[in-house]
file data_8.tsv (TSV, C-alpha atoms and all ligand atoms)
chain	number	residue	atom	x	y	z
I	59	MET	CA	10.64	3.39	16.65
I	60	GLY	CA	11.63	-0.15	15.88
I	61	ILE	CA	10.95	-2.10	12.72
I	62	VAL	CA	10.32	-5.79	12.14
I	63	GLY	CA	11.45	-6.85	8.67
I	64	ALA	CA	13.94	-4.85	6.63
I	65	GLY	CA	13.89	-6.21	3.09
I	66	PHE	CA	12.66	-3.98	0.29
I	67	VAL	CA	10.19	-1.65	1.97
I	68	GLY	CA	11.42	-1.71	5.60
I	69	PRO	CA	14.41	0.58	4.92
I	70	HIS	CA	12.01	3.09	3.33
I	71	HIS	CA	10.03	3.21	6.57
I	72	ILE	CA	13.26	4.06	8.40
I	73	ASP	CA	14.30	6.61	5.79
I	74	ALA	CA	10.91	8.35	5.92
I	75	VAL	CA	10.77	8.43	9.71
I	76	ARG	CA	14.37	9.63	9.96
I	77	ARG	CA	13.51	12.60	7.74
I	78	LEU	CA	10.98	13.80	10.33
I	79	GLY	CA	13.98	14.73	12.47
I	80	PHE	CA	12.56	13.93	15.90
I	81	VAL	CA	12.23	10.13	15.94
I	82	ASP	CA	14.89	7.86	17.43
I	83	ILE	CA	15.53	4.82	15.22
I	84	VAL	CA	16.00	2.33	18.06
I	85	ALA	CA	16.02	-1.15	16.57
I	86	VAL	CA	15.59	-3.50	13.66
I	87	ALA	CA	14.39	-7.10	14.06
I	88	GLY	CA	15.38	-9.56	11.36
I	89	SER	CA	14.53	-13.20	10.90
I	90	ASN	CA	17.61	-14.22	12.94
I	91	ASP	CA	20.30	-12.62	15.13
I	92	GLU	CA	22.79	-12.25	12.28
I	93	SER	CA	20.37	-10.53	9.91
I	94	GLY	CA	18.94	-8.34	12.68
I	95	LYS	CA	22.39	-7.07	13.64
I	96	ARG	CA	23.56	-6.67	10.04
I	97	LYS	CA	20.46	-4.71	9.02
I	98	ALA	CA	20.60	-2.51	12.12
I	99	GLU	CA	24.19	-1.60	11.26
I	100	GLN	CA	23.38	-0.96	7.59
I	101	LEU	CA	20.38	1.20	8.46
I	102	GLY	CA	21.94	3.11	11.35
I	103	ALA	CA	19.65	1.71	14.05
I	104	ARG	CA	21.07	1.42	17.58
I	105	LYS	CA	20.13	-2.24	18.16
I	106	GLY	CA	19.59	-5.36	16.08
I	107	TYR	CA	17.34	-8.19	17.26
I	108	GLY	CA	16.84	-11.74	16.01
I	109	SER	CA	13.15	-11.87	16.90
I	110	TYR	CA	10.16	-9.54	16.87
I	111	GLU	CA	9.40	-10.47	20.48
I	112	ALA	CA	12.74	-9.03	21.62
I	113	LEU	CA	12.11	-5.77	19.74
I	114	ILE	CA	8.60	-5.42	21.13
I	115	ASN	CA	9.89	-6.04	24.67
I	116	ASP	CA	12.43	-3.22	24.34
I	117	PRO	CA	11.10	-0.37	26.55
I	118	ASP	CA	12.81	2.18	24.28
I	119	VAL	CA	10.54	1.20	21.39
I	120	SER	CA	7.16	2.89	21.51
I	121	VAL	CA	6.20	2.58	17.82
I	122	VAL	CA	6.48	-0.78	16.05
I	123	HIS	CA	6.66	-0.78	12.25
I	124	VAL	CA	5.82	-4.03	10.48
I	125	ALA	CA	7.40	-4.83	7.11
I	126	THR	CA	7.63	-8.60	7.11
I	127	PRO	CA	5.95	-10.91	4.60
I	128	ASN	CA	2.17	-10.82	5.06
I	129	HIS	CA	1.65	-14.04	7.03
I	130	LEU	CA	3.61	-12.63	10.00
I	131	HIS	CA	1.71	-9.34	10.29
I	132	TYR	CA	-1.02	-10.67	12.58
I	133	ALA	CA	1.31	-12.21	15.17
I	134	VAL	CA	3.69	-9.23	15.24
I	135	ILE	CA	0.95	-6.59	15.41
I	136	SER	CA	-1.04	-8.48	18.02
I	137	ALA	CA	2.06	-8.83	20.21
I	138	ALA	CA	2.91	-5.12	19.81
I	139	LEU	CA	-0.64	-4.03	20.70
I	140	ALA	CA	-0.60	-6.32	23.74
I	141	LYS	CA	2.38	-4.28	24.99
I	142	GLY	CA	0.54	-1.00	24.32
I	143	LYS	CA	2.79	0.06	21.42
I	144	HIS	CA	1.67	2.20	18.50
I	145	VAL	CA	1.74	0.24	15.25
I	146	VAL	CA	2.56	1.26	11.68
I	147	SER	CA	1.92	-1.79	9.51
I	148	ASP	CA	2.65	-2.08	5.87
I	149	LYS	CA	-0.24	-3.39	3.82
I	150	PRO	CA	-2.05	-5.72	3.99
I	151	LEU	CA	-2.93	-5.27	7.65
I	152	ALA	CA	-3.14	-9.07	7.92
I	153	ALA	CA	-3.43	-12.06	5.62
I	154	THR	CA	-7.23	-12.39	6.04
I	155	ALA	CA	-10.16	-10.11	6.86
I	156	ALA	CA	-10.89	-12.21	9.96
I	157	GLU	CA	-7.39	-11.57	11.33
I	158	SER	CA	-7.58	-7.88	10.43
I	159	ARG	CA	-10.93	-7.54	12.24
I	160	LYS	CA	-9.34	-8.89	15.42
I	161	LEU	CA	-6.51	-6.37	15.10
I	162	VAL	CA	-8.96	-3.48	14.63
I	163	ASP	CA	-10.71	-4.46	17.86
I	164	GLN	CA	-7.45	-5.02	19.75
I	165	ALA	CA	-6.08	-1.64	18.63
I	166	LYS	CA	-9.25	0.11	19.79
I	167	ARG	CA	-8.90	-1.49	23.21
I	168	ALA	CA	-5.20	-0.57	23.37
I	169	LYS	CA	-6.03	3.10	22.51
I	170	VAL	CA	-2.93	3.50	20.37
I	171	ILE	CA	-2.30	4.93	16.90
I	172	ALA	CA	-2.76	2.10	14.43
I	173	ALA	CA	-1.85	2.89	10.82
I	174	VAL	CA	-1.49	1.01	7.54
I	175	THR	CA	0.87	2.36	4.89
I	176	PHE	CA	-1.26	2.79	1.81
I	177	ASN	CA	1.43	5.23	0.80
I	178	TYR	CA	0.10	6.67	-2.44
I	179	ARG	CA	-2.21	8.79	-0.29
I	180	GLY	CA	0.87	10.84	0.61
I	181	ASN	CA	1.42	12.23	-2.88
I	182	PRO	CA	0.72	15.98	-3.13
I	183	LEU	CA	-1.23	15.65	-6.38
I	184	VAL	CA	-3.33	12.83	-4.94
I	185	GLN	CA	-4.29	15.23	-2.17
I	186	GLN	CA	-4.91	17.99	-4.73
I	187	ALA	CA	-7.26	15.67	-6.65
I	188	ARG	CA	-8.95	14.54	-3.44
I	189	HIS	CA	-9.74	18.08	-2.32
I	190	ALA	CA	-10.81	19.13	-5.83
I	191	ILE	CA	-13.26	16.20	-5.98
I	192	ALA	CA	-14.57	16.97	-2.46
I	193	LYS	CA	-15.20	20.60	-3.52
I	194	GLY	CA	-17.22	19.41	-6.51
I	195	ASP	CA	-14.74	20.59	-9.16
I	196	ILE	CA	-15.39	17.58	-11.40
I	197	GLY	CA	-19.08	17.26	-10.51
I	198	LYS	CA	-20.49	13.96	-9.33
I	199	PRO	CA	-18.06	11.05	-9.82
I	200	THR	CA	-19.70	8.60	-12.25
I	201	PHE	CA	-16.90	6.31	-13.41
I	202	LEU	CA	-13.52	5.34	-11.92
I	203	HIS	CA	-11.08	3.31	-13.93
I	204	GLY	CA	-7.42	2.44	-14.18
I	205	TYR	CA	-4.92	-0.22	-13.39
I	206	TYR	CA	-1.90	-1.18	-11.37
I	207	LEU	CA	0.53	-3.07	-13.59
I	208	GLN	CA	4.05	-4.36	-12.96
I	209	ASP	CA	6.35	-6.71	-14.87
I	210	TRP	CA	8.69	-8.05	-12.19
I	211	LEU	CA	6.95	-11.48	-12.14
I	212	ILE	CA	6.64	-11.94	-15.92
I	213	LYS	CA	9.18	-14.78	-16.25
I	214	ASP	CA	8.67	-18.23	-14.81
I	215	THR	CA	12.05	-17.79	-13.10
I	216	ASP	CA	10.70	-14.77	-11.18
I	217	TYR	CA	9.64	-15.73	-7.68
I	218	SER	CA	8.49	-14.02	-4.48
I	219	TRP	CA	6.89	-15.16	-1.22
I	220	ARG	CA	3.85	-13.25	-2.55
I	221	LEU	CA	3.19	-16.27	-4.80
I	222	ASP	CA	3.03	-18.68	-1.84
I	223	PRO	CA	-0.44	-18.51	-0.23
I	224	GLU	CA	1.07	-19.63	3.09
I	225	LYS	CA	3.13	-16.42	3.16
I	226	GLY	CA	1.37	-13.91	0.91
I	227	GLY	CA	-2.26	-14.85	1.48
I	228	ALA	CA	-4.91	-16.01	-0.99
I	229	SER	CA	-4.01	-13.48	-3.71
I	230	SER	CA	-0.88	-12.03	-5.27
I	231	ALA	CA	-1.67	-9.32	-7.83
I	232	LEU	CA	-4.98	-8.31	-6.29
I	233	GLY	CA	-3.84	-8.40	-2.69
I	234	ASP	CA	-0.44	-6.84	-3.28
I	235	ILE	CA	-1.24	-4.04	-5.74
I	236	GLY	CA	-4.96	-4.18	-6.57
I	237	SER	CA	-5.47	-3.31	-2.90
I	238	HIS	CA	-3.53	-0.06	-3.45
I	239	TRP	CA	-5.78	0.86	-6.40
I	240	CYS	CA	-8.93	0.29	-4.36
I	241	ASP	CA	-7.59	2.25	-1.40
I	242	LEU	CA	-6.55	5.14	-3.63
I	243	ALA	CA	-9.89	5.19	-5.47
I	244	GLN	CA	-11.79	5.34	-2.18
I	245	HIS	CA	-9.44	7.83	-0.54
I	246	MET	CA	-9.41	10.20	-3.52
I	247	THR	CA	-13.19	10.24	-3.92
I	248	GLY	CA	-14.48	9.51	-0.43
I	249	LEU	CA	-16.62	6.76	-2.01
I	250	ARG	CA	-16.92	3.18	-0.72
I	251	ILE	CA	-16.72	0.07	-2.85
I	252	THR	CA	-19.96	-1.87	-2.31
I	253	HIS	CA	-19.97	-4.62	-4.98
I	254	VAL	CA	-17.35	-6.32	-7.15
I	255	LEU	CA	-17.19	-8.74	-10.06
I	256	GLY	CA	-13.79	-10.34	-10.54
I	257	ASP	CA	-12.02	-12.25	-13.28
I	258	VAL	CA	-8.88	-13.67	-11.70
I	259	THR	CA	-6.09	-15.38	-13.64
I	260	THR	CA	-2.82	-17.18	-13.05
I	261	VAL	CA	-0.90	-16.42	-16.25
I	262	ILE	CA	2.13	-18.45	-15.10
I	263	PRO	CA	0.80	-21.60	-13.40
I	264	GLN	CA	4.24	-23.10	-12.75
I	265	ARG	CA	7.36	-21.28	-11.64
I	266	LYS	CA	10.93	-22.06	-10.76
I	267	LYS	CA	11.41	-21.15	-7.13
I	268	PRO	CA	14.86	-20.48	-5.64
I	269	ARG	CA	15.58	-22.78	-2.71
I	270	VAL	CA	17.06	-19.74	-0.86
I	271	ALA	CA	14.56	-16.90	-0.19
I	272	ARG	CA	14.82	-13.64	-2.17
I	273	GLU	CA	13.67	-10.20	-1.10
I	274	ALA	CA	11.24	-8.23	-3.27
I	275	PHE	CA	12.46	-7.19	-6.72
I	276	GLN	CA	15.65	-9.26	-6.36
I	277	THR	CA	16.45	-11.47	-9.33
I	278	GLY	CA	18.75	-14.45	-9.13
I	279	GLY	CA	20.74	-16.90	-11.24
I	280	ALA	CA	19.51	-20.19	-12.65
I	281	ALA	CA	21.15	-22.28	-9.93
I	282	ASP	CA	19.25	-24.20	-7.30
I	283	LEU	CA	15.67	-23.80	-8.48
I	284	GLU	CA	12.70	-26.07	-7.83
I	285	SER	CA	9.50	-26.22	-9.87
I	286	VAL	CA	6.32	-25.20	-7.99
I	287	ASP	CA	2.63	-24.93	-8.91
I	288	ILE	CA	1.21	-21.44	-8.45
I	289	ARG	CA	-2.21	-21.22	-6.79
I	290	VAL	CA	-2.63	-17.42	-6.64
I	291	ASP	CA	-3.43	-14.76	-9.25
I	292	ASP	CA	-0.84	-12.72	-11.11
I	293	LEU	CA	-3.50	-10.91	-13.17
I	294	ALA	CA	-7.03	-9.81	-12.25
I	295	SER	CA	-9.67	-7.59	-13.85
I	296	VAL	CA	-12.49	-6.26	-11.74
I	297	LEU	CA	-15.79	-4.42	-12.26
I	298	VAL	CA	-16.69	-2.25	-9.28
I	299	ARG	CA	-19.75	-0.45	-7.93
I	300	PHE	CA	-19.49	2.45	-5.50
I	301	ASP	CA	-21.91	3.65	-2.85
I	302	ASN	CA	-22.96	6.77	-4.82
I	303	GLY	CA	-23.96	4.65	-7.84
I	304	ALA	CA	-20.67	5.25	-9.68
I	305	LYS	CA	-19.23	2.35	-11.66
I	306	GLY	CA	-15.60	1.36	-12.03
I	307	THR	CA	-13.13	-1.04	-13.55
I	308	PHE	CA	-9.50	-1.84	-12.86
I	309	THR	CA	-6.85	-4.42	-13.63
I	310	ALA	CA	-4.01	-5.51	-11.37
I	311	GLY	CA	-1.22	-7.45	-13.02
I	312	GLN	CA	2.37	-8.42	-12.19
I	313	VAL	CA	3.12	-9.92	-15.61
I	314	CYS	CA	2.72	-6.90	-17.93
I	315	ALA	CA	5.98	-6.06	-19.72
I	316	GLY	CA	7.20	-2.49	-19.58
I	317	HIS	CA	5.01	-1.52	-16.63
I	318	LYS	CA	7.27	-1.11	-13.61
I	319	ASN	CA	5.05	0.42	-10.96
I	320	ASP	CA	2.30	1.71	-13.16
I	321	LEU	CA	-0.61	2.76	-11.00
I	322	VAL	CA	-3.21	4.83	-12.87
I	323	LEU	CA	-6.49	6.14	-11.51
I	324	GLU	CA	-8.95	8.29	-13.44
I	325	VAL	CA	-12.10	9.66	-11.90
I	326	CYS	CA	-14.69	10.80	-14.44
I	327	GLY	CA	-17.25	13.22	-13.05
I	328	SER	CA	-20.39	14.82	-14.43
I	329	LYS	CA	-18.37	17.97	-15.33
I	330	SER	CA	-14.69	16.99	-15.70
I	331	SER	CA	-12.27	14.12	-15.30
I	332	ILE	CA	-9.09	13.87	-13.28
I	333	LEU	CA	-6.25	11.39	-13.80
I	334	TRP	CA	-3.16	10.61	-11.70
I	335	ARG	CA	-0.40	8.28	-12.80
I	336	GLN	CA	2.19	7.11	-10.28
I	337	GLU	CA	4.98	6.84	-12.85
I	338	GLN	CA	4.42	10.52	-13.78
I	339	GLN	CA	3.32	11.58	-10.36
I	340	ASN	CA	4.30	15.24	-10.66
I	341	GLU	CA	1.47	15.87	-13.14
I	342	LEU	CA	-2.29	15.75	-12.78
I	343	TRP	CA	-4.39	15.54	-15.96
I	344	ILE	CA	-7.71	17.35	-15.84
I	345	GLY	CA	-10.09	16.69	-18.73
I	346	HIS	CA	-12.91	19.04	-19.82
I	347	ARG	CA	-15.75	18.86	-22.29
I	348	ASP	CA	-15.98	22.51	-23.38
I	349	THR	CA	-12.51	23.93	-22.77
I	350	ALA	CA	-8.96	22.73	-23.35
I	351	ASN	CA	-7.72	19.96	-21.10
I	352	GLN	CA	-5.15	20.89	-18.45
I	353	ILE	CA	-2.00	19.46	-16.96
I	354	LEU	CA	-1.42	20.70	-13.43
I	355	GLN	CA	2.21	20.40	-12.38
I	356	LYS	CA	3.24	19.71	-8.80
I	357	ASP	CA	4.12	23.27	-7.91
I	358	PRO	CA	3.22	24.44	-4.39
I	359	SER	CA	2.31	27.86	-5.75
I	360	LEU	CA	-0.31	26.26	-8.02
I	361	LEU	CA	-1.78	23.84	-5.50
I	362	ASP	CA	-4.78	24.49	-3.27
I	363	ALA	CA	-4.14	25.47	0.34
I	364	GLU	CA	-5.26	22.03	1.61
I	365	SER	CA	-2.71	20.11	-0.48
I	366	ARG	CA	0.18	22.59	-0.67
I	367	GLY	CA	1.76	21.30	2.55
I	368	TYR	CA	2.39	17.89	0.97
I	369	ALA	CA	4.74	19.43	-1.64
I	370	HIS	CA	8.16	20.34	-0.27
I	371	LEU	CA	10.04	21.56	-3.32
I	372	PRO	CA	9.29	24.32	-5.83
I	373	GLY	CA	7.72	23.52	-9.20
I	374	GLY	CA	9.96	21.58	-11.60
I	375	HIS	CA	11.78	19.90	-8.74
I	376	GLN	CA	10.40	16.38	-8.95
I	377	GLU	CA	9.04	14.72	-5.83
I	378	ALA	CA	8.30	11.04	-5.75
I	379	TRP	CA	7.54	7.76	-4.00
I	380	ALA	CA	9.84	8.26	-1.02
I	381	ASP	CA	8.61	11.82	-0.45
I	382	ALA	CA	5.01	10.63	-0.40
I	383	PHE	CA	6.00	7.94	2.11
I	384	CYS	CA	7.51	10.65	4.30
I	385	ASN	CA	4.28	12.70	4.10
I	386	LEU	CA	2.42	9.69	5.41
I	387	MET	CA	4.87	9.28	8.31
I	388	ARG	CA	4.56	12.99	9.15
I	389	ASP	CA	0.82	12.54	9.48
I	390	ILE	CA	1.13	9.34	11.55
I	391	TYR	CA	3.81	10.68	13.90
I	392	GLY	CA	1.91	13.98	14.24
I	393	CYS	CA	-0.89	11.91	15.78
I	394	ILE	CA	1.51	9.90	17.96
I	395	THR	CA	3.57	12.78	19.31
I	396	GLN	CA	1.32	15.83	19.13
I	397	ASP	CA	-2.20	14.39	19.46
I	398	LYS	CA	-3.04	15.68	15.99
I	399	ARG	CA	-6.03	14.26	14.10
I	400	PRO	CA	-5.27	11.92	11.17
I	401	GLU	CA	-5.39	13.76	7.87
I	402	ILE	CA	-4.47	11.19	5.25
I	403	PHE	CA	-3.18	7.92	6.62
I	404	ALA	CA	-5.11	4.65	6.42
I	405	THR	CA	-6.29	3.30	9.75
I	406	PHE	CA	-6.60	-0.35	10.77
I	407	GLU	CA	-10.30	-0.05	9.86
I	408	ASP	CA	-9.24	0.89	6.29
I	409	GLY	CA	-6.82	-2.06	6.30
I	410	TYR	CA	-9.61	-4.41	7.35
I	411	GLN	CA	-11.92	-3.08	4.63
I	412	SER	CA	-9.16	-3.61	2.07
I	413	ASN	CA	-9.00	-7.32	3.04
I	414	CYS	CA	-12.80	-7.51	2.71
I	415	ILE	CA	-12.68	-6.12	-0.85
I	416	VAL	CA	-9.97	-8.55	-1.96
I	417	GLU	CA	-11.83	-11.49	-0.44
I	418	ALA	CA	-15.08	-10.44	-2.16
I	419	ILE	CA	-13.30	-10.26	-5.53
I	420	LEU	CA	-11.82	-13.73	-5.04
I	421	ALA	CA	-15.24	-15.08	-4.03
I	422	SER	CA	-16.81	-13.49	-7.11
I	423	ALA	CA	-14.19	-15.03	-9.40
I	424	LYS	CA	-14.54	-18.43	-7.78
I	425	GLN	CA	-18.23	-18.45	-8.71
I	426	GLY	CA	-17.34	-17.73	-12.33
I	427	GLY	CA	-17.65	-13.95	-12.09
I	428	VAL	CA	-20.86	-12.91	-10.35
I	429	TRP	CA	-21.65	-9.58	-8.69
I	430	THR	CA	-20.68	-9.94	-5.04
I	431	LYS	CA	-21.48	-7.60	-2.15
I	432	VAL	CA	-18.47	-6.63	-0.08
I	433	GLU	CA	-19.30	-7.62	3.50
I	434	TYR	CA	-17.52	-5.22	5.84
I	501	LIG	N1	3.36	0.13	0.74
I	501	LIG	C1	4.02	-0.36	-0.28
I	501	LIG	O1	4.06	0.24	-1.34
I	501	LIG	C2	4.74	-1.66	-0.12
I	501	LIG	C3	5.79	-1.98	-0.98
I	501	LIG	C4	6.44	-3.19	-0.80
I	501	LIG	C5	6.02	-4.05	0.20
I	501	LIG	N2	4.99	-3.74	0.99
I	501	LIG	C6	4.56	-4.66	2.07
I	501	LIG	O2	5.62	-4.71	3.01
I	501	LIG	C7	5.81	-6.03	3.49
I	501	LIG	C8	7.23	-6.48	3.16
I	501	LIG	O3	7.39	-6.53	1.76
I	501	LIG	P1	8.84	-6.44	1.07
I	501	LIG	O4	8.59	-6.20	-0.37
I	501	LIG	O5	9.70	-5.49	1.82
I	501	LIG	O6	9.34	-7.94	1.29
I	501	LIG	P2	10.86	-8.46	1.34
I	501	LIG	O7	10.78	-9.92	1.13
I	501	LIG	O8	11.72	-7.64	0.47
I	501	LIG	O9	11.29	-8.16	2.85
I	501	LIG	C9	10.73	-8.84	3.95
I	501	LIG	C10	11.81	-8.91	5.03
I	501	LIG	O10	11.24	-9.50	6.21
I	501	LIG	C11	12.24	-10.36	6.76
I	501	LIG	N3	11.62	-11.35	7.64
I	501	LIG	C12	11.06	-12.54	7.32
I	501	LIG	N4	10.66	-13.17	8.43
I	501	LIG	C13	10.94	-12.35	9.47
I	501	LIG	C14	10.77	-12.44	10.89
I	501	LIG	N5	10.19	-13.51	11.45
I	501	LIG	N6	11.18	-11.42	11.66
I	501	LIG	C15	11.76	-10.33	11.10
I	501	LIG	N7	11.97	-10.18	9.77
I	501	LIG	C16	11.56	-11.19	8.98
I	501	LIG	C17	12.90	-10.98	5.53
I	501	LIG	O11	14.14	-11.53	5.86
I	501	LIG	C18	13.01	-9.75	4.63
I	501	LIG	O12	14.19	-9.02	4.90
I	501	LIG	C19	4.72	-6.87	2.84
I	501	LIG	O13	3.63	-7.00	3.72
I	501	LIG	C20	4.32	-6.08	1.62
I	501	LIG	O14	2.98	-6.27	1.24
I	501	LIG	C21	4.34	-2.56	0.85

call {"tool": "encode", "arguments": {"input": "data_8.tsv", "output": "structure tokens"}}
result
Amino acid sequence: MGIVGAGFVGPHHIDAVRRLGFVDIVAVAGSNDESGKRKAEQLGARKGYGSYEALINDPDVSVVHVATPNHLHYAVISAALAKGKHVVSDKPLAATAAESRKLVDQAKRAKVIAAVTFNYRGNPLVQQARHAIAKGDIGKPTFLHGYYLQDWLIKDTDYSWRLDPEKGGASSALGDIGSHWCDLAQHMTGLRITHVLGDVTTVIPQRKKPRVAREAFQTGGAADLESVDIRVDDLASVLVRFDNGAKGTFTAGQVCAGHKNDLVLEVCGSKSSILWRQEQQNELWIGHRDTANQILQKDPSLLDAESRGYAHLPGGHQEAWADAFCNLMRDIYGCITQDKRPEIFATFEDGYQSNCIVEAILASAKQGGVWTKVEY
């Protein structure tokens, strides 16, 4: 494999793939020769390139991972598919639904594995909840709610390319983390989002941007800042309708103090409810009407057969974000190397649908908050 972009999340792709034990980490491409070589050395890759074209042209690379800022995804993925390479793209698949649609079609023609890393799918208790819901354990899902809140952009001195529509796309909070909530809600229940009503806000309309780019979650000093107007959301609340008639509501916000990576999804069914919280991801809350509520711990001996394989340590030994990422890679590379069928990973089609949902929410908000059909 080779990876384009090694800032915050890129090294986690490498780490997860390395743990599979059978994948050669061939190359890293950075934004220039110096960074490509430096990152390759730091991450233990054999080669460092200064451009994605050079990495894609390397015959030793058969799987291209994409972890650059969003605006580059389309060009990198399209070039990789043109060379017949498998692609593992971080989300979003592309900056717009129109671009993503083209990539879906190109990937189909190329007949390669084409995955998007909506990584929360890889958590063992997410899979436990998914199979429990599919078996009817909570009855018919009627209401899904939750949020994805972070605080890393709460100060006007916090800045990321995510806040620049030229690099991040038309949305920040919704596109960056609201998209995870929607993917998780649909994956866990098997339902599709059909309609949305969005209320989209820019809490901090002006920020101080560093003249030198920062990688995600990096903070910097006060020196060399310029004032910029912010044209994308950092907070959004959304009402949702699903294809079985269920209703939902969620908030995505990057300006909510104390919430670091706080993704919460609760699915209320006609019999019971089930809640998973990323920051306490080794516990699943199951709520009942007529008996005591339960907390199911991530313990392989307590999980159902279908989800047990995603837990790799005995009960009480905490597993987390990076382990879930590795589960996703195991599924993707199982398909690439052993012709297995995808079990959990998001396909390019899922990535395209995610863009469509975000665009429908933005369109709804632009009209003052009206119910809007998601056009897939
Ligand atoms: N799945 C997740 O949970 C998750 C988490 C974080 C980020 N992401 C996604 O991953 C992508 C990267 O996000 P990040 O937080 O790592 O950003 P980042 O800013 O920390 O890292 C991006 C890296 O790409 C490099 N880069 C920029 N232009 C490049 C080019 N032309 N060629 C090669 N490298 C280039 C930058 O120098 C930087 O090192 C985004 O699309 C983001 O949405 C997903």

call {"tool": "closest_atom_pairs", "arguments": {"input": "data_8.tsv", "of": "segment 110-174 of chain I", "to": "segment 68-89 of chain I", "cutoff": "9 Å", "atoms": "only C-alpha atoms", "output": "Markdown table"}}
result
| residue | atom | partner | partner_atom | distance |
| --- | --- | --- | --- | --- |
| I:Tyr110 | CA | I:Ala87 | CA | 5.6 |
| I:Glu111 | CA | I:Ala87 | CA | 8.8 |
| I:Ala112 | CA | I:Ala87 | CA | 8.0 |
| I:Leu113 | CA | I:Ala87 | CA | 6.3 |
| I:Asp116 | CA | I:Ala85 | CA | 8.8 |
| I:Asp118 | CA | I:Val84 | CA | 7.0 |
| I:Val119 | CA | I:Val84 | CA | 6.5 |
| I:His123 | CA | I:His71 | CA | 7.7 |
| I:Val124 | CA | I:Gly68 | CA | 7.8 |
| I:Ala125 | CA | I:Gly68 | CA | 5.3 |
| I:Thr126 | CA | I:Gly68 | CA | 8.0 |
| I:Asp148 | CA | I:Gly68 | CA | 8.8 |

call {"tool": "closest_residue", "arguments": {"input": "data_8.tsv", "among": "I:Val286, I:Leu361, I:Val313, I:Ala98", "to": "Pro268 of chain I", "atoms": "all atoms listed in the file"}}
result
I:Val286

call {"tool": "residues_around", "arguments": {"input": "data_8.tsv", "residues": "Arg299 of chain I", "least_positions_apart": "6", "cutoff": "8 Å", "atoms": "only C-alpha atoms", "output": "JSON, numbers by chain"}}
result
{"I": [251, 252, 253, 254, 305, 306]}

call {"tool": "write_last_selection", "arguments": {"input": "data_8.tsv", "atoms": "C-alpha atoms", "output": "PDB file, in the coordinates of the input"}}
result
ATOM      1  CA  ILE I 251     -16.720   0.070  -2.850  1.00  0.00           C
ATOM      2  CA  THR I 252     -19.960  -1.870  -2.310  1.00  0.00           C
ATOM      3  CA  HIS I 253     -19.970  -4.620  -4.980  1.00  0.00           C
ATOM      4  CA  VAL I 254     -17.350  -6.320  -7.150  1.00  0.00           C
ATOM      5  CA  LYS I 305     -19.230   2.350 -11.660  1.00  0.00           C
ATOM      6  CA  GLY I 306     -15.600   1.360 -12.030  1.00  0.00           C
TER       7      GLY I 306
END

call {"tool": "residues_near_ligand", "arguments": {"input": "data_8.tsv", "ligand": "ligand LIG 501 (chain I)", "cutoff": "7 Å", "atoms": "all atoms listed in the file", "output": "PyMOL selection string"}}
result
chain I and resi 62-68+87-89+109-110+125-128+130+148-150+175-177+219+234+272-274

call {"tool": "atom_distance", "arguments": {"input": "data_8.tsv", "atom1": "atom CA of Gln264 of chain I", "atom2": "atom CA of Lys424 of chain I"}}
result
20.0 Å

call {"tool": "closest_residue", "arguments": {"input": "data_8.tsv", "among": "I:Lys266, I:Lys356, I:Arg167, I:Lys97", "to": "Ala140 of chain I", "atoms": "only C-alpha atoms"}}
result
I:Arg167

call {"tool": "residues_around", "arguments": {"input": "data_8.tsv", "residues": "Thr200 of chain I", "least_positions_apart": "5", "cutoff": "12 Å", "atoms": "all atoms listed in the file", "output": "mmCIF file with C-alpha atoms, in the frame of the given file"}}
result
data_model
loop_
_atom_site.group_PDB
_atom_site.id
_atom_site.type_symbol
_atom_site.label_atom_id
_atom_site.label_comp_id
_atom_site.auth_asym_id
_atom_site.auth_seq_id
_atom_site.Cartn_x
_atom_site.Cartn_y
_atom_site.Cartn_z
ATOM 1 C CA ILE I 191 -13.260 16.200 -5.980
ATOM 2 C CA THR I 247 -13.190 10.240 -3.920
ATOM 3 C CA LEU I 249 -16.620 6.760 -2.010
ATOM 4 C CA VAL I 298 -16.690 -2.250 -9.280
ATOM 5 C CA ARG I 299 -19.750 -0.450 -7.930
ATOM 6 C CA PHE I 300 -19.490 2.450 -5.500
ATOM 7 C CA ASP I 301 -21.910 3.650 -2.850
ATOM 8 C CA ASN I 302 -22.960 6.770 -4.820
ATOM 9 C CA GLY I 303 -23.960 4.650 -7.840
ATOM 10 C CA ALA I 304 -20.670 5.250 -9.680
ATOM 11 C CA LYS I 305 -19.230 2.350 -11.660
ATOM 12 C CA GLY I 306 -15.600 1.360 -12.030
ATOM 13 C CA THR I 307 -13.130 -1.040 -13.550
ATOM 14 C CA GLU I 324 -8.950 8.290 -13.440
ATOM 15 C CA VAL I 325 -12.100 9.660 -11.900
ATOM 16 C CA CYS I 326 -14.690 10.800 -14.440
ATOM 17 C CA GLY I 327 -17.250 13.220 -13.050
ATOM 18 C CA SER I 328 -20.390 14.820 -14.430
ATOM 19 C CA LYS I 329 -18.370 17.970 -15.330
ATOM 20 C CA SER I 330 -14.690 16.990 -15.700
ATOM 21 C CA SER I 331 -12.270 14.120 -15.300
ATOM 22 C CA ILE I 332 -9.090 13.870 -13.280
#

call {"tool": "atom_distance", "arguments": {"input": "data_8.tsv", "atom1": "atom CA of Lys95 of chain I", "atom2": "atom CA of Tyr107 of chain I"}}
result
6.3 Å
